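Asks: My structure is stored as run-v2.cif, with mmCIF, C-alpha atoms and all ligand atoms.
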```cif
data_target
#
loop_
_atom_site.label_atom_id
_atom_site.label_comp_id
_atom_site.auth_asym_id
_atom_site.auth_seq_id
_atom_site.Cartn_x
_atom_site.Cartn_y
_atom_site.Cartn_z
CA MET A 7 38.44 16.33 41.33
CA LYS A 8 37.32 14.19 38.42
CA LYS A 9 35.44 16.00 35.70
CA HIS A 10 31.83 15.15 34.99
CA LEU A 11 30.48 14.19 31.61
CA ILE A 12 29.30 17.22 29.66
CA GLN A 13 25.52 17.47 29.66
CA THR A 14 24.47 18.55 26.19
CA TRP A 15 21.30 19.15 24.23
CA ARG A 16 20.52 19.05 20.54
CA TRP A 17 19.49 22.45 19.23
CA TYR A 18 18.30 22.83 15.65
CA GLY A 19 19.27 26.51 15.52
CA PRO A 20 17.29 29.76 15.75
CA ASN A 21 14.15 28.09 14.29
CA ASP A 22 14.06 25.38 16.93
CA PRO A 23 10.86 25.76 19.02
CA VAL A 24 13.05 25.00 22.05
CA SER A 25 15.07 28.11 22.88
CA LEU A 26 18.57 28.39 24.29
CA LEU A 27 17.08 29.74 27.52
CA ASP A 28 14.83 26.68 27.74
CA ILE A 29 17.93 24.56 27.38
CA LYS A 30 19.69 26.44 30.15
CA GLN A 31 16.67 25.92 32.38
CA ALA A 32 16.90 22.21 31.63
CA GLY A 33 20.41 22.40 33.06
CA ALA A 34 22.38 21.50 29.95
CA LYS A 35 25.73 23.18 29.50
CA GLY A 36 26.69 22.17 26.00
CA ILE A 37 24.94 22.41 22.66
CA VAL A 38 24.88 19.90 19.86
CA SER A 39 24.03 21.67 16.63
CA ALA A 40 24.46 21.71 12.88
CA LEU A 41 23.88 24.17 10.06
CA HIS A 42 20.75 22.43 8.82
CA GLN A 43 20.02 25.21 6.34
CA ILE A 44 23.00 24.30 4.17
CA PRO A 45 22.17 21.73 1.48
CA HIS A 46 23.81 18.37 2.03
CA GLY A 47 27.24 18.17 0.55
CA GLU A 48 27.84 21.92 0.26
CA ILE A 49 30.65 23.65 2.15
CA TRP A 50 29.69 25.22 5.48
CA PRO A 51 31.00 28.80 5.22
CA PHE A 52 33.30 29.80 8.07
CA GLU A 53 31.25 32.96 8.77
CA ASP A 54 28.04 30.94 9.20
CA ILE A 55 29.75 28.62 11.65
CA ILE A 56 31.10 31.53 13.64
CA GLU A 57 27.68 33.18 13.68
CA ARG A 58 26.01 30.03 15.08
CA LYS A 59 28.78 29.79 17.65
CA ARG A 60 28.30 33.40 18.64
CA ILE A 61 24.56 32.90 19.19
CA ILE A 62 25.20 29.85 21.37
CA GLU A 63 27.92 31.51 23.39
CA SER A 64 26.02 34.72 23.92
CA ALA A 65 23.42 32.62 25.75
CA GLY A 66 26.19 31.39 28.05
CA LEU A 67 26.40 27.95 26.46
CA VAL A 68 29.14 26.10 24.59
CA TRP A 69 28.87 24.42 21.17
CA SER A 70 30.24 21.02 22.20
CA VAL A 71 29.48 18.74 19.26
CA VAL A 72 28.62 19.23 15.61
CA GLU A 73 25.83 16.79 14.72
CA SER A 74 25.71 15.97 11.97
CA VAL A 75 27.94 16.95 9.12
CA PRO A 76 25.97 14.81 6.66
CA VAL A 77 27.88 12.54 4.33
CA HIS A 78 26.53 13.01 0.82
CA GLU A 79 25.01 10.00 -0.96
CA ALA A 80 27.67 10.35 -3.67
CA ILE A 81 30.29 9.48 -1.03
CA LYS A 82 28.27 6.65 0.48
CA THR A 83 27.80 5.13 -2.97
CA ASN A 84 31.24 6.19 -4.21
CA SER A 85 29.66 7.55 -7.37
CA LYS A 86 31.39 9.74 -9.93
CA ASP A 87 30.80 12.95 -7.94
CA ALA A 88 32.34 11.53 -4.79
CA ASP A 89 35.59 13.49 -5.14
CA ARG A 90 33.85 16.85 -5.28
CA TYR A 91 31.84 16.02 -2.13
CA LEU A 92 34.89 14.70 -0.30
CA LYS A 93 36.67 17.95 -1.06
CA ASN A 94 33.70 19.90 0.27
CA TYR A 95 33.55 17.74 3.38
CA LYS A 96 37.21 18.37 4.13
CA GLN A 97 36.74 22.10 3.64
CA THR A 98 33.81 22.07 6.07
CA LEU A 99 35.91 20.17 8.60
CA THR A 100 38.72 22.70 8.22
CA HIS A 101 36.30 25.57 8.82
CA LEU A 102 34.84 23.85 11.86
CA ALA A 103 38.29 23.24 13.32
CA GLN A 104 39.24 26.87 12.70
CA ALA A 105 36.20 27.80 14.76
CA GLY A 106 37.37 25.45 17.51
CA LEU A 107 34.75 22.75 16.84
CA LYS A 108 36.43 19.38 16.91
CA THR A 109 33.93 16.69 17.83
CA ILE A 110 31.85 15.74 14.81
CA CYS A 111 29.00 13.23 14.51
CA TYR A 112 27.92 11.64 11.22
CA ASN A 113 26.22 8.51 10.04
CA PHE A 114 26.72 6.15 7.14
CA MET A 115 23.16 4.88 6.79
CA PRO A 116 22.08 4.64 3.14
CA VAL A 117 19.35 7.09 2.04
CA LEU A 118 17.41 7.19 5.30
CA ASP A 119 18.46 8.44 8.72
CA TRP A 120 16.56 6.94 11.67
CA THR A 121 13.42 5.05 10.77
CA ARG A 122 10.18 4.67 12.73
CA THR A 123 6.66 3.76 11.69
CA ASP A 124 4.82 5.89 14.26
CA LEU A 125 5.94 9.27 15.52
CA SER A 126 3.20 9.64 18.12
CA PHE A 127 2.69 6.26 19.72
CA SER A 128 0.53 6.70 22.83
CA LEU A 129 1.76 5.23 26.07
CA PRO A 130 -0.70 4.30 28.85
CA ASN A 131 0.13 7.51 30.77
CA GLY A 132 -0.77 9.70 27.78
CA ALA A 133 2.81 10.42 26.75
CA LYS A 134 3.74 10.06 23.08
CA ALA A 135 6.79 8.14 21.96
CA LEU A 136 8.48 7.09 18.73
CA TYR A 137 7.71 3.53 17.69
CA LEU A 138 8.81 0.98 15.13
CA ASP A 139 6.50 -1.85 14.17
CA TRP A 140 8.01 -4.43 11.83
CA SER A 141 4.69 -5.37 10.29
CA ASP A 142 4.03 -1.74 9.35
CA LEU A 143 7.47 -1.53 7.81
CA ALA A 144 6.91 -4.86 6.03
CA PHE A 145 3.58 -3.60 4.69
CA PHE A 146 5.31 -0.53 3.29
CA ASP A 147 8.09 -2.69 1.88
CA ILE A 148 6.05 -5.55 0.39
CA TYR A 149 2.94 -3.69 -0.77
CA ILE A 150 4.24 -0.23 -1.65
CA LEU A 151 7.97 0.02 -2.09
CA ARG A 152 9.57 -3.11 -3.42
CA ARG A 153 6.47 -5.28 -3.75
CA ASP A 154 7.30 -8.89 -4.51
CA GLY A 155 10.97 -8.13 -4.83
CA ALA A 156 11.01 -7.63 -1.06
CA ARG A 157 9.80 -11.07 -0.09
CA ASP A 158 13.17 -12.80 -0.35
CA ASP A 159 14.52 -10.64 2.46
CA TYR A 160 12.03 -12.08 4.95
CA SER A 161 12.28 -15.56 6.36
CA LYS A 162 9.26 -17.76 5.63
CA ALA A 163 8.29 -17.87 9.30
CA ASN A 164 8.55 -14.10 9.69
CA LEU A 165 6.65 -13.50 6.50
CA GLU A 166 3.78 -15.62 7.73
CA ILE A 167 3.51 -13.74 11.02
CA LEU A 168 3.79 -10.36 9.31
CA GLU A 169 1.24 -11.16 6.58
CA LYS A 170 -1.18 -12.38 9.20
CA LYS A 171 -0.91 -9.10 11.07
CA ILE A 172 -1.19 -7.12 7.85
CA GLU A 173 -4.41 -8.96 6.94
CA ASP A 174 -5.99 -7.52 10.06
CA PHE A 175 -4.88 -3.94 9.40
CA PRO A 176 -7.88 -1.59 9.29
CA GLU A 177 -8.31 0.06 5.89
CA GLU A 178 -7.46 3.55 7.25
CA LYS A 179 -4.19 2.26 8.58
CA LYS A 180 -3.24 0.91 5.15
CA GLN A 181 -4.09 4.23 3.60
CA LEU A 182 -2.04 6.07 6.18
CA LEU A 183 0.95 3.85 5.54
CA GLU A 184 0.54 4.31 1.79
CA SER A 185 0.51 8.05 2.15
CA ILE A 186 3.79 8.05 4.05
CA ILE A 187 6.16 8.21 1.15
CA CYS A 188 9.10 7.32 3.30
CA MET A 189 9.09 5.89 6.75
CA GLY A 190 12.47 7.22 7.74
CA VAL A 191 13.94 10.67 7.90
CA PRO A 192 15.64 11.00 4.51
CA THR A 193 19.30 11.92 4.78
CA GLU A 194 19.10 14.18 1.72
CA GLY A 195 16.13 16.44 2.25
CA SER A 196 13.02 14.74 0.93
CA VAL A 197 13.05 11.58 -1.10
CA SER A 198 10.29 10.31 -3.38
CA LEU A 199 9.23 6.73 -3.76
CA SER A 200 10.88 6.46 -7.17
CA GLN A 201 14.13 7.99 -5.89
CA LEU A 202 14.07 5.55 -3.05
CA ARG A 203 13.55 2.63 -5.45
CA ASN A 204 16.42 3.89 -7.54
CA SER A 205 18.71 4.10 -4.50
CA LEU A 206 17.69 0.60 -3.47
CA GLU A 207 19.00 -0.71 -6.79
CA ILE A 208 22.28 1.15 -6.39
CA TYR A 209 22.79 -0.14 -2.86
CA LYS A 210 21.86 -3.65 -3.88
CA ALA A 211 24.87 -3.64 -6.18
CA ILE A 212 27.08 -2.12 -3.47
CA GLY A 213 26.10 -4.53 -0.68
CA LYS A 214 27.55 -4.61 2.80
CA ASP A 215 31.16 -5.10 1.70
CA GLY A 216 30.92 -2.27 -0.79
CA LEU A 217 29.43 0.08 1.78
CA ARG A 218 32.21 -0.80 4.19
CA ARG A 219 34.75 -0.07 1.47
CA ASN A 220 33.12 3.28 0.80
CA LEU A 221 33.24 4.18 4.49
CA VAL A 222 36.94 3.34 4.57
CA LEU A 223 37.52 5.50 1.47
CA PHE A 224 35.71 8.35 3.22
CA LEU A 225 37.67 7.97 6.47
CA GLU A 226 40.99 7.65 4.69
CA SER A 227 40.29 10.67 2.62
CA ILE A 228 39.51 12.89 5.65
CA ALA A 229 42.18 11.36 7.93
CA GLU A 230 44.83 13.97 7.26
CA VAL A 231 42.50 16.93 7.85
CA CYS A 232 41.21 15.36 11.06
CA GLU A 233 44.60 14.44 12.43
CA SER A 234 46.25 17.76 11.69
CA ASN A 235 43.35 19.67 13.25
CA GLY A 236 42.69 17.42 16.24
CA ILE A 237 39.21 16.53 14.97
CA LYS A 238 37.40 13.50 16.37
CA MET A 239 34.86 11.89 14.05
CA THR A 240 32.08 9.87 15.67
CA ILE A 241 29.95 7.54 13.61
CA HIS A 242 26.34 7.18 14.74
CA PRO A 243 25.08 3.57 14.80
CA ASP A 244 22.36 2.44 12.42
CA ASP A 245 18.87 3.09 13.69
CA PRO A 246 17.31 0.54 13.81
CA PRO A 247 20.36 -1.76 13.80
CA PHE A 248 19.07 -4.06 11.05
CA PRO A 249 19.18 -4.03 7.27
CA ILE A 250 15.80 -2.51 6.38
CA LEU A 251 14.06 -2.27 3.00
CA GLY A 252 16.92 -4.25 1.50
CA LEU A 253 19.48 -1.55 2.32
CA PRO A 254 22.88 -2.66 3.61
CA ARG A 255 23.93 -1.71 7.15
CA ILE A 256 27.45 -1.52 8.50
CA ALA A 257 27.20 0.07 11.98
CA SER A 258 24.66 -2.09 13.78
CA ASN A 259 26.49 -4.24 16.30
CA HIS A 260 29.69 -4.93 18.17
CA ASP A 261 31.38 -6.60 15.20
CA ASP A 262 30.51 -3.74 12.87
CA LEU A 263 31.84 -1.08 15.23
CA SER A 264 35.06 -3.01 15.91
CA TRP A 265 35.48 -3.55 12.18
CA ILE A 266 35.18 0.19 11.52
CA LEU A 267 37.64 1.11 14.27
CA ASN A 268 40.18 -1.46 13.10
CA ALA A 269 39.80 -0.72 9.40
CA VAL A 270 41.09 2.81 9.97
CA ASP A 271 42.93 2.32 13.22
CA LYS A 272 43.58 5.92 14.16
CA PRO A 273 42.28 7.85 17.18
CA PHE A 274 40.35 10.37 15.04
CA ASN A 275 38.06 7.54 13.90
CA GLY A 276 35.59 7.17 16.75
CA VAL A 277 32.05 6.28 17.71
CA CYS A 278 28.99 8.12 18.96
CA PHE A 279 27.62 5.57 21.41
CA CYS A 280 23.85 5.74 20.86
CA THR A 281 22.20 3.43 23.37
CA GLY A 282 18.76 3.71 21.81
CA SER A 283 19.92 2.73 18.34
CA LEU A 284 22.12 -0.17 19.44
CA GLY A 285 19.62 -1.15 22.13
CA ALA A 286 16.92 -1.96 19.56
CA GLY A 287 18.89 -5.10 18.65
CA SER A 288 18.55 -7.86 21.26
CA PHE A 289 21.95 -9.19 20.10
CA ASN A 290 23.67 -6.06 21.43
CA ASP A 291 25.01 -6.16 25.00
CA LEU A 292 25.61 -2.47 25.47
CA PRO A 293 27.79 -2.36 28.60
CA SER A 294 30.16 -4.92 27.11
CA ILE A 295 30.33 -3.13 23.75
CA LEU A 296 31.11 0.09 25.55
CA LYS A 297 33.78 -1.61 27.64
CA ALA A 298 35.41 -2.99 24.50
CA ILE A 299 35.41 0.14 22.33
CA GLY A 300 35.25 2.81 25.05
CA GLU A 301 38.65 4.22 24.23
CA ARG A 302 37.26 5.42 20.87
CA VAL A 303 33.91 6.74 22.13
CA TYR A 304 33.93 10.54 22.07
CA PHE A 305 30.21 11.26 22.30
CA ALA A 306 27.18 9.47 23.75
CA HIS A 307 23.46 9.51 22.99
CA LEU A 308 21.60 8.14 25.99
CA ARG A 309 18.04 6.90 25.66
CA ASN A 310 16.20 3.65 26.09
CA VAL A 311 13.90 1.28 24.18
CA LYS A 312 11.44 -1.47 25.07
CA LYS A 313 11.06 -4.32 22.64
CA ASP A 314 8.29 -6.89 22.43
CA GLN A 315 8.73 -10.54 21.44
CA PHE A 316 8.73 -9.64 17.73
CA GLY A 317 11.37 -6.96 18.10
CA ASN A 318 8.90 -4.08 17.68
CA PHE A 319 10.08 -1.31 19.95
CA TYR A 320 9.14 2.05 21.38
CA GLU A 321 11.40 4.62 22.95
CA SER A 322 10.92 4.20 26.69
CA ASP A 323 11.89 6.31 29.70
CA HIS A 324 15.62 6.88 29.84
CA LEU A 325 16.28 4.66 32.85
CA ASP A 326 13.48 2.18 32.29
CA GLY A 327 13.97 -0.07 29.30
CA ASP A 328 15.93 -2.93 27.80
CA VAL A 329 19.20 -1.04 28.02
CA ASP A 330 20.76 -1.32 31.46
CA MET A 331 21.46 2.39 31.78
CA PHE A 332 23.06 1.97 35.19
CA GLU A 333 25.72 -0.35 33.75
CA VAL A 334 26.19 1.86 30.70
CA MET A 335 26.62 4.94 32.87
CA LYS A 336 29.06 3.12 35.16
CA GLU A 337 31.21 2.28 32.15
CA LEU A 338 30.92 5.80 30.78
CA VAL A 339 31.96 7.35 34.10
CA ASP A 340 35.00 5.04 34.15
CA ILE A 341 36.00 5.92 30.61
CA ASN A 342 35.45 9.59 31.30
CA SER A 343 37.75 9.49 34.31
CA THR A 344 40.66 8.64 32.00
CA ARG A 345 39.98 11.58 29.70
CA GLU A 346 41.47 15.00 29.63
CA VAL A 347 38.48 16.30 27.69
CA PRO A 348 35.23 15.05 29.26
CA ILE A 349 32.80 13.13 27.07
CA PRO A 350 29.64 14.99 26.02
CA PHE A 351 26.35 13.13 26.19
CA ARG A 352 22.81 14.12 25.35
CA PRO A 353 19.42 12.69 26.29
CA ASP A 354 18.97 11.61 22.69
CA HIS A 355 15.20 11.76 22.33
CA GLY A 356 12.41 12.23 24.85
CA HIS A 357 8.68 11.65 25.18
CA GLN A 358 6.15 14.27 24.24
CA ILE A 359 4.55 15.01 27.63
CA LEU A 360 2.71 17.70 29.63
CA ASP A 361 2.48 21.05 27.82
CA ASP A 362 4.44 19.75 24.86
CA LEU A 363 1.48 17.54 23.93
CA HIS A 364 -0.23 20.73 22.78
CA LYS A 365 2.72 22.16 20.86
CA GLU A 366 4.40 21.71 17.51
CA THR A 367 7.60 19.81 18.20
CA ASN A 368 10.33 18.10 16.23
CA PRO A 369 9.55 14.38 16.61
CA GLY A 370 11.61 13.07 19.53
CA TYR A 371 13.01 16.51 20.29
CA SER A 372 10.42 18.23 22.49
CA ALA A 373 11.66 20.09 25.56
CA ILE A 374 10.02 18.55 28.59
CA GLY A 375 10.59 14.87 27.81
CA ARG A 376 14.26 15.50 27.18
CA LEU A 377 14.49 17.66 30.31
CA LYS A 378 13.13 14.71 32.29
CA GLY A 379 15.60 12.34 30.63
CA LEU A 380 18.52 14.66 31.27
CA ALA A 381 17.53 15.09 34.91
CA GLU A 382 17.41 11.32 35.43
CA LEU A 383 20.73 10.76 33.68
CA ARG A 384 22.40 13.57 35.61
CA GLY A 385 21.25 12.03 38.88
CA LEU A 386 22.44 8.61 37.80
CA GLU A 387 25.85 9.94 36.89
CA MET A 388 26.20 11.83 40.16
CA GLY A 389 25.19 8.81 42.21
CA ILE A 390 27.62 6.55 40.43
CA ALA A 391 30.51 9.03 40.52
CA ARG A 392 30.10 9.68 44.26
CA MET A 393 29.81 5.99 45.06
CA LYS A 394 32.93 5.27 43.02
CA ASN A 395 34.87 7.99 44.83
CA SER A 396 33.79 6.85 48.26
CA ASN A 397 34.25 3.09 47.93
CA ASN A 398 36.16 2.35 44.75
CA MET A 399 33.08 0.81 43.10
C1 LIG B 401 18.87 8.90 16.49
C2 LIG B 401 19.28 10.32 16.42
C3 LIG B 401 19.65 10.71 14.98
C4 LIG B 401 21.13 11.00 14.83
C5 LIG B 401 21.66 11.08 13.44
C6 LIG B 401 23.17 11.23 13.40
O1 LIG B 401 19.24 8.11 17.31
O2 LIG B 401 20.28 10.51 17.33
O3 LIG B 401 18.92 11.84 14.65
O4 LIG B 401 21.38 12.21 15.40
O5 LIG B 401 21.36 9.90 12.78
O6 LIG B 401 23.63 11.45 12.12
MN MN B 402 21.17 8.68 18.53
#
```
Written as structure tokens, how would this file's structure read?

Replies:
Amino acid sequence: MKKHLIQTWRWYGPNDPVSLLDIKQAGAKGIVSALHQIPHGEIWPFEDIIERKRIIESAGLVWSVVESVPVHEAIKTNSKDADRYLKNYKQTLTHLAQAGLKTICYNFMPVLDWTRTDLSFSLPNGAKALYLDWSDLAFFDIYILRRDGARDDYSKANLEILEKKIEDFPEEKKQLLESIICMGVPTEGSVSLSQLRNSLEIYKAIGKDGLRRNLVLFLESIAEVCESNGIKMTIHPDDPPFPILGLPRIASNHDDLSWILNAVDKPFNGVCFCTGSLGAGSFNDLPSILKAIGERVYFAHLRNVKKDQFGNFYESDHLDGDVDMFEVMKELVDINSTREVPIPFRPDHGHQILDDLHKETNPGYSAIGRLKGLAELRGLEMGIARMKNSNNM
């Protein structure tokens, strides 16, 4: 009997409005969690890890993946404090391994984690989704953040289209965009406009090659701890997979991911295959990327996006979008069948629907939309696995 993928669910800990019982009702078996209360860069105490594990296990669930152990900005920029934060990171990894937690997710996006311009974009059926509109982002970039310094990063043709759209923005929309200090989720707690400007300067000097070098320094420095403890590190792709606000990006496409895997060519250095993040780039053919790098994929985020002709995108239903989820799942089931330890996946985000429309939720992480996504993905996996078994598909 081949093992199924592990159906997991992101849980933000005891303060998450979605409870562990809710998660069990949704049918997930594994939990993806992190100690969000610990400031970025500090060591996660062993006792705190064990306590979180105990809470998860006493609900009859398993802590499958640690997402994320954030990489401090000092490491990403290789600044003078980098050594101290690398030491801390290794200590956290050691503690996690001692607690039996060996699949770790992280990202190497500068300053901001995932970036959207609208966290409650209304779909025709009344559901709310996360949305990224390039003209909104350009407005923020050109009129608020970098001002004229930003213009060089836009092609003339794009700039014309964007400026035309911006001209028609209603005044309240401009004010709303101005009041959003940062469009993304900052990787280091909150970030002010001036801090962001400061970071932009630092990253400008680092550039893509420098950021790649800093990632290699990070991976090489943790390699020994990972290998001796059986830890698998999985890098989350850039979201969206483009250089935004003048920040360099190094995990956006097939080339980037292959580069990372080859640069530190050791099994511990792996990928979290996030279909929504990669899928926002029309240059990414997800089933073929997965086929090529599958051996080093230890975790998957499954969700979908729909893009318009300008590349603006919203997060769509899990099986209905630009990502061919059937082909992705087929690949994933194949890869999983070669594994001793099954691959965990989670329905990355979900729509805000039904009762959740009237509740406080973490953007993208409400219960019912993810439950729906998980149910669809579970059915897809089962269908594919049974077909494969019966006729060698
Ligand atoms: C976006 C989400 C992110 C992701 C972190 C990983 O696709 O999955 O919140 O978890 O960027 O570090
Ligand atoms: Mn993701």

Asks: Per residue of region 157-239 of chain A within 8 Å of region 267-274 of chain A, note the shortest atom pair and the distance in Å to one decimal, counting all atoms listed in the file, and order the rows by chain and increasing residue number, as a tab-separated table.

Replies:
```
residue	atom	partner	partner_atom	distance
A:Val222	CA	A:Val270	CA	6.8
A:Leu225	CA	A:Val270	CA	7.1
A:Glu226	CA	A:Val270	CA	7.2
A:Ala229	CA	A:Phe274	CA	7.4
A:Cys232	CA	A:Phe274	CA	6.4
A:Glu233	CA	A:Phe274	CA	6.4
A:Gly236	CA	A:Phe274	CA	7.5
A:Ile237	CA	A:Phe274	CA	6.3
A:Lys238	CA	A:Phe274	CA	4.5
A:Met239	CA	A:Phe274	CA	5.8
```

Asks: How about saving the chosen residues, C-alpha atoms kept, as a PDB file, in the frame of the given file?

Replies:
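Ended up saving to out34.pdb:
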```
ATOM      1  CA  VAL A 222      36.940   3.340   4.570  1.00  0.00           C
ATOM      2  CA  LEU A 225      37.670   7.970   6.470  1.00  0.00           C
ATOM      3  CA  GLU A 226      40.990   7.650   4.690  1.00  0.00           C
ATOM      4  CA  ALA A 229      42.180  11.360   7.930  1.00  0.00           C
ATOM      5  CA  CYS A 232      41.210  15.360  11.060  1.00  0.00           C
ATOM      6  CA  GLU A 233      44.600  14.440  12.430  1.00  0.00           C
ATOM      7  CA  GLY A 236      42.690  17.420  16.240  1.00  0.00           C
ATOM      8  CA  ILE A 237      39.210  16.530  14.970  1.00  0.00           C
ATOM      9  CA  LYS A 238      37.400  13.500  16.370  1.00  0.00           C
ATOM     10  CA  MET A 239      34.860  11.890  14.050  1.00  0.00           C
TER      11      MET A 239
END
```

Asks: Nearest to ligand MN 402 (chain B): which of A:Leu263, A:Leu284, A:Ile150, A:Met393 is it, counting only C-alpha atoms and all ligand atoms?

Replies: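 Using only C-alpha atoms and all ligand atoms, the shortest distance to ligand MN 402 (chain B) belongs to A:Leu284.
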
Asks: Skipping near chain neighbours, those fewer than 2 positions away, what residues fall within 7 Å of His355 (chain A) using all atoms listed in the file, listed as a list of chain:residue names?

Replies: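 Contacts, in chain order: A:Arg309, A:Pro353, A:Gly370, A:Tyr371, A:Arg376.
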
Asks: Write the residues you've just listed into a file as a PDB file, in the coordinates of the input, and include C-alpha atoms for each of them.

Replies:
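What follows is the written file selection-v9.pdb:
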```pdb
ATOM      1  CA  ARG A 309      18.040   6.900  25.660  1.00  0.00           C
ATOM      2  CA  PRO A 353      19.420  12.690  26.290  1.00  0.00           C
ATOM      3  CA  GLY A 370      11.610  13.070  19.530  1.00  0.00           C
ATOM      4  CA  TYR A 371      13.010  16.510  20.290  1.00  0.00           C
ATOM      5  CA  ARG A 376      14.260  15.500  27.180  1.00  0.00           C
TER       6      ARG A 376
END
```

Asks: What is the CA of Ser141 (chain A) to CA of Leu325 (chain A) distance in Å?

Replies: 27.3 Å

Asks: Extract, using only C-alpha atoms, all DNA, RNA and protein residues at most 9 Å from region 293-299 of chain A, discarding same-chain residues fewer than 2 positions from it, and format them as a list in words.

Replies: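 Residues near the query, excluding close chain neighbours: Asn259, His260, Leu263, Ser264, Leu267, Gly276, Val277, Phe279, Asn290, Asp291, Glu301, Arg302, Val303, Val329, Asp330, Met331, Glu333, Val334, Met335, Lys336, Glu337, Leu338 and Ile341 of chain A.
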
Asks: To one decimal in Å, tell me the separation between CA of Pro246 (chain A) and CA of Gly132 (chain A).

Replies: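 Value for the CA of Pro246 (chain A)-CA of Gly132 (chain A) distance: 24.6 Å.
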
Asks: If you count only C-alpha atoms, which residues fall within 9 Å of Pro350 (chain A), apart from same-chain ones fewer than 5 positions away, as a list in words?

Replies: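 The residues satisfying every condition are Leu11, Ile12, Gln13, Thr14, Gly36, Ser70, Val71, Tyr304, Phe305, Ala306 and His307 of chain A.
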
Asks: Would you put the residues from that selection into a file with C-alpha atoms, as a PDB file, keeping the file's coordinate frame?

Replies:
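Output below, filename again.pdb:
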```pdb
ATOM      1  CA  LEU A  11      30.480  14.190  31.610  1.00  0.00           C
ATOM      2  CA  ILE A  12      29.300  17.220  29.660  1.00  0.00           C
ATOM      3  CA  GLN A  13      25.520  17.470  29.660  1.00  0.00           C
ATOM      4  CA  THR A  14      24.470  18.550  26.190  1.00  0.00           C
ATOM      5  CA  GLY A  36      26.690  22.170  26.000  1.00  0.00           C
ATOM      6  CA  SER A  70      30.240  21.020  22.200  1.00  0.00           C
ATOM      7  CA  VAL A  71      29.480  18.740  19.260  1.00  0.00           C
ATOM      8  CA  TYR A 304      33.930  10.540  22.070  1.00  0.00           C
ATOM      9  CA  PHE A 305      30.210  11.260  22.300  1.00  0.00           C
ATOM     10  CA  ALA A 306      27.180   9.470  23.750  1.00  0.00           C
ATOM     11  CA  HIS A 307      23.460   9.510  22.990  1.00  0.00           C
TER      12      HIS A 307
END
```

Asks: Quick one: of A:Thr281, A:Asn84, A:Ser288, A:Ser234, who's nearest to ligand LIG 401 (chain B), counting only C-alpha atoms and all ligand atoms?

Replies: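 For ligand LIG 401 (chain B), the nearest of the candidates is A:Thr281.
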
Asks: Using all atoms listed in the file, determine which residues lie at most 12 Å from Tyr149 (chain A), disregarding the query and same-chain residues fewer than 3 positions distant; provide the list as a VMD selection string.

Replies: chain A and resid 141 to 146 152 to 157 169 172 to 173 180 to 181 183 to 184 251

Asks: Looking at only C-alpha atoms and all ligand atoms, which of A:Arg16, A:Lys312, A:Lys214, A:Lys179 is the one that sits closest to ligand MN 402 (chain B)?

Replies: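 Checking each candidate against ligand MN 402 (chain B), we get A:Arg16 as the closest.
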
Asks: Please identify every residue of chain A that has at least one atom no farther than 10 Å from an atom of ligand LIG 401 (chain B), counting only C-alpha atoms and all ligand atoms, and for each give the shortest atom pair and the distance in Å to one decimal, arranged by chain then increasing number, as a tab-separated table.

Replies:
```
residue	atom	partner	partner_atom	distance
A:Arg16	CA	B:LIG401	O4	8.6
A:Val38	CA	B:LIG401	O4	9.6
A:Ser39	CA	B:LIG401	O4	9.9
A:Val72	CA	B:LIG401	O6	9.9
A:Glu73	CA	B:LIG401	C6	6.3
A:Ser74	CA	B:LIG401	O6	5.0
A:Val75	CA	B:LIG401	O6	7.6
A:Pro76	CA	B:LIG401	O6	6.8
A:Val77	CA	B:LIG401	O6	8.9
A:Ile110	CA	B:LIG401	O6	9.7
A:Cys111	CA	B:LIG401	O6	6.1
A:Tyr112	CA	B:LIG401	O6	4.4
A:Asn113	CA	B:LIG401	O6	4.4
A:Phe114	CA	B:LIG401	O6	7.9
A:Met115	CA	B:LIG401	O5	8.0
A:Leu118	CA	B:LIG401	O5	8.9
A:Asp119	CA	B:LIG401	O5	5.2
A:Trp120	CA	B:LIG401	C1	5.7
A:Thr121	CA	B:LIG401	C1	8.8
A:Val191	CA	B:LIG401	O3	8.5
A:Thr193	CA	B:LIG401	O5	8.5
A:Thr240	CA	B:LIG401	C6	9.3
A:Ile241	CA	B:LIG401	O6	7.6
A:His242	CA	B:LIG401	C6	5.3
A:Pro243	CA	B:LIG401	O5	7.6
A:Asp244	CA	B:LIG401	O5	7.5
A:Asp245	CA	B:LIG401	O1	6.2
A:Pro246	CA	B:LIG401	O1	8.6
A:Cys278	CA	B:LIG401	C6	8.6
A:Phe279	CA	B:LIG401	O1	9.7
A:Cys280	CA	B:LIG401	O1	6.3
A:Thr281	CA	B:LIG401	O1	8.2
A:Gly282	CA	B:LIG401	O1	6.3
A:Ser283	CA	B:LIG401	O1	5.5
A:Leu284	CA	B:LIG401	O1	9.0
A:Ala306	CA	B:LIG401	O2	9.5
A:His307	CA	B:LIG401	O2	6.6
A:Leu308	CA	B:LIG401	O1	9.0
A:Arg309	CA	B:LIG401	O1	8.5
A:Arg352	CA	B:LIG401	O2	9.2
A:Pro353	CA	B:LIG401	O2	9.3
A:Asp354	CA	B:LIG401	O2	5.6
A:His355	CA	B:LIG401	O2	7.2
A:Pro369	CA	B:LIG401	O3	9.9
A:Gly370	CA	B:LIG401	C2	8.7
A:Tyr371	CA	B:LIG401	O3	9.4
```

Asks: Could you check which of A:Ala381, A:Leu223, A:Ala286, A:Ile208 is closest to ligand MN 402 (chain B), using all atoms listed in the file?

Replies: A:Ala286

Asks: With only C-alpha atoms and all ligand atoms as the basis for distance, which of A:Gly285, A:Leu360, A:Ala373, A:Glu366 is at the shortest distance from ligand MN 402 (chain B)?

Replies: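 Result for the nearest residue to ligand MN 402 (chain B): A:Gly285.
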